[in-house]
Amino acid sequence: MRAILISDQDLLMDIQKGESAAFDLLFDRYWDKLYKTAFARLNSSDDAKDLVQELLISLWNKRETLVINTTLENYLFGALKFRVVSYFRSLKINEQRLVEATERINILENSVTDVKDYIELENILEEAINLMPETLKKIYELRCDNVPLKEIASRLGLADQTVKNYLSEVIRRLKQVILEKHPEKHLTYLAILISILNK
């Protein structure tokens, strides 16, 4: 693909056709700009990376129905601004609820009910993972085995950032499955999922 010569408009058209190489080019072209903008507002490298990853993955997932009435650059930065605002609006609520959910995880060993939750979650995750593309499945399994992201990238012949993007997509899909199947327990299950992937 003509990395420098291709216009944003042509790039977007290629993405809408499902050309992954076009998405990779968009990622390379805008990642730094978006990340620096997000970091300047969040003052958190991890949160800035997460927001940008989620934004770009969302664009890819919606590519077939995506309608942009401005330039691609304006769309991306407008979408990022919206995500930053949403982040700050929900931050206090999410922090408190996640703390409460995490605290419930800490009593797993002493609670038969919570142990059942853990086992049930494992079954849910296994079923969902088996339906995912092989690359996503492999990255999830390696991460659960405590394999560092850099080593996962090396084993699979992928860029470090690509592995991070795929892992973010795995988490997004699993969050959705958890919310759909067990909305009443999704915070507890989400805390378990985070502990599994961050251990």
# chains A, B, ... in the order shown; residues from 1 in each chain; ligands from 1
call {"tool": "residues_around", "arguments": {"residues": "Val170 in chain A", "least_positions_apart": "4", "cutoff": "9 Å", "atoms": "only C-alpha atoms", "output": "PyMOL selection string"}}
result
chain A and resi 129+132+136-137+139-140+165-166+174-175
call {"tool": "residues_around", "arguments": {"residues": "Ser58 in chain A", "least_positions_apart": "4", "cutoff": "12 Å", "atoms": "only C-alpha atoms", "output": "count of residues only"}}
result
20
call {"tool": "atom_distance", "arguments": {"atom1": "CA of Glu134 in chain A", "atom2": "CA of Leu158 in chain A"}}
result
13.8 Å
call {"tool": "closest_residue", "arguments": {"among": "A:Glu73, A:Glu122, A:Glu141, A:Asp46", "to": "Leu167 in chain A", "atoms": "only C-alpha atoms"}}
result
A:Glu141
call {"tool": "closest_residue", "arguments": {"among": "A:Ser44, A:Asn130, A:Asn146, A:Asn61", "to": "Gln16 in chain A", "atoms": "only C-alpha atoms"}}
result
A:Asn61
call {"tool": "residues_around", "arguments": {"residues": "Lys36 in chain A", "least_positions_apart": "3", "cutoff": "12 Å", "atoms": "only C-alpha atoms", "output": "short mmCIF file (atom, residue, chain, number, x, y, z; two decimals) with N, CA and C atoms, in the first residue's frame"}}
result
data_model
loop_
_atom_site.label_atom_id
_atom_site.label_comp_id
_atom_site.auth_asym_id
_atom_site.auth_seq_id
_atom_site.Cartn_x
_atom_site.Cartn_y
_atom_site.Cartn_z
N TYR A 30 -1.92 7.89 12.72
CA TYR A 30 -2.59 8.72 13.72
C TYR A 30 -2.33 8.33 15.17
N TRP A 31 -1.70 7.19 15.40
CA TRP A 31 -1.53 6.75 16.79
C TRP A 31 -0.83 7.79 17.65
N ASP A 32 0.32 8.27 17.23
CA ASP A 32 1.09 9.21 18.05
C ASP A 32 0.31 10.49 18.33
N LYS A 33 -0.33 11.03 17.31
CA LYS A 33 -1.09 12.27 17.49
C LYS A 33 -2.23 12.08 18.48
N PHE A 39 -3.12 11.82 26.23
CA PHE A 39 -2.25 11.89 27.41
C PHE A 39 -2.24 13.29 28.00
N ALA A 40 -2.27 14.31 27.15
CA ALA A 40 -2.26 15.70 27.63
C ALA A 40 -3.50 16.00 28.47
N ARG A 41 -4.59 15.30 28.20
CA ARG A 41 -5.83 15.53 28.93
C ARG A 41 -6.00 14.59 30.11
N LEU A 42 -5.49 13.38 30.01
CA LEU A 42 -5.68 12.39 31.07
C LEU A 42 -4.51 12.32 32.04
N ASN A 43 -3.33 12.70 31.56
CA ASN A 43 -2.11 12.61 32.37
C ASN A 43 -1.87 11.18 32.86
N SER A 44 -2.27 10.23 32.06
CA SER A 44 -2.08 8.81 32.38
C SER A 44 -1.76 8.08 31.09
N SER A 45 -0.57 7.52 31.00
CA SER A 45 -0.16 6.83 29.78
C SER A 45 -1.06 5.63 29.48
N ASP A 46 -1.34 4.82 30.51
CA ASP A 46 -2.15 3.62 30.30
C ASP A 46 -3.56 3.97 29.85
N ASP A 47 -4.18 4.96 30.54
CA ASP A 47 -5.54 5.35 30.17
C ASP A 47 -5.59 5.96 28.78
N ALA A 48 -4.57 6.75 28.45
CA ALA A 48 -4.51 7.36 27.12
C ALA A 48 -4.41 6.28 26.05
N LYS A 49 -3.54 5.29 26.27
CA LYS A 49 -3.40 4.19 25.31
C LYS A 49 -4.71 3.43 25.16
N LEU A 51 -7.81 4.47 25.67
CA LEU A 51 -8.81 5.24 24.96
C LEU A 51 -8.55 5.26 23.46
N VAL A 52 -7.30 5.43 23.08
CA VAL A 52 -6.96 5.48 21.66
C VAL A 52 -7.16 4.10 21.02
N PHE A 77 -10.30 12.92 16.01
CA PHE A 77 -10.07 13.77 17.17
C PHE A 77 -11.37 14.18 17.84
N LEU A 80 -12.26 11.15 19.84
CA LEU A 80 -11.38 11.07 21.01
C LEU A 80 -11.85 12.04 22.09
#
call {"tool": "atom_distance", "arguments": {"atom1": "CA of His182 in chain A", "atom2": "CA of Leu142 in chain A"}}
result
25.7 Å
call {"tool": "closest_residue", "arguments": {"among": "A:Glu19, A:Leu125, A:Ala38, A:Ile57", "to": "Lys164 in chain A", "atoms": "only C-alpha atoms"}}
result
A:Ile57
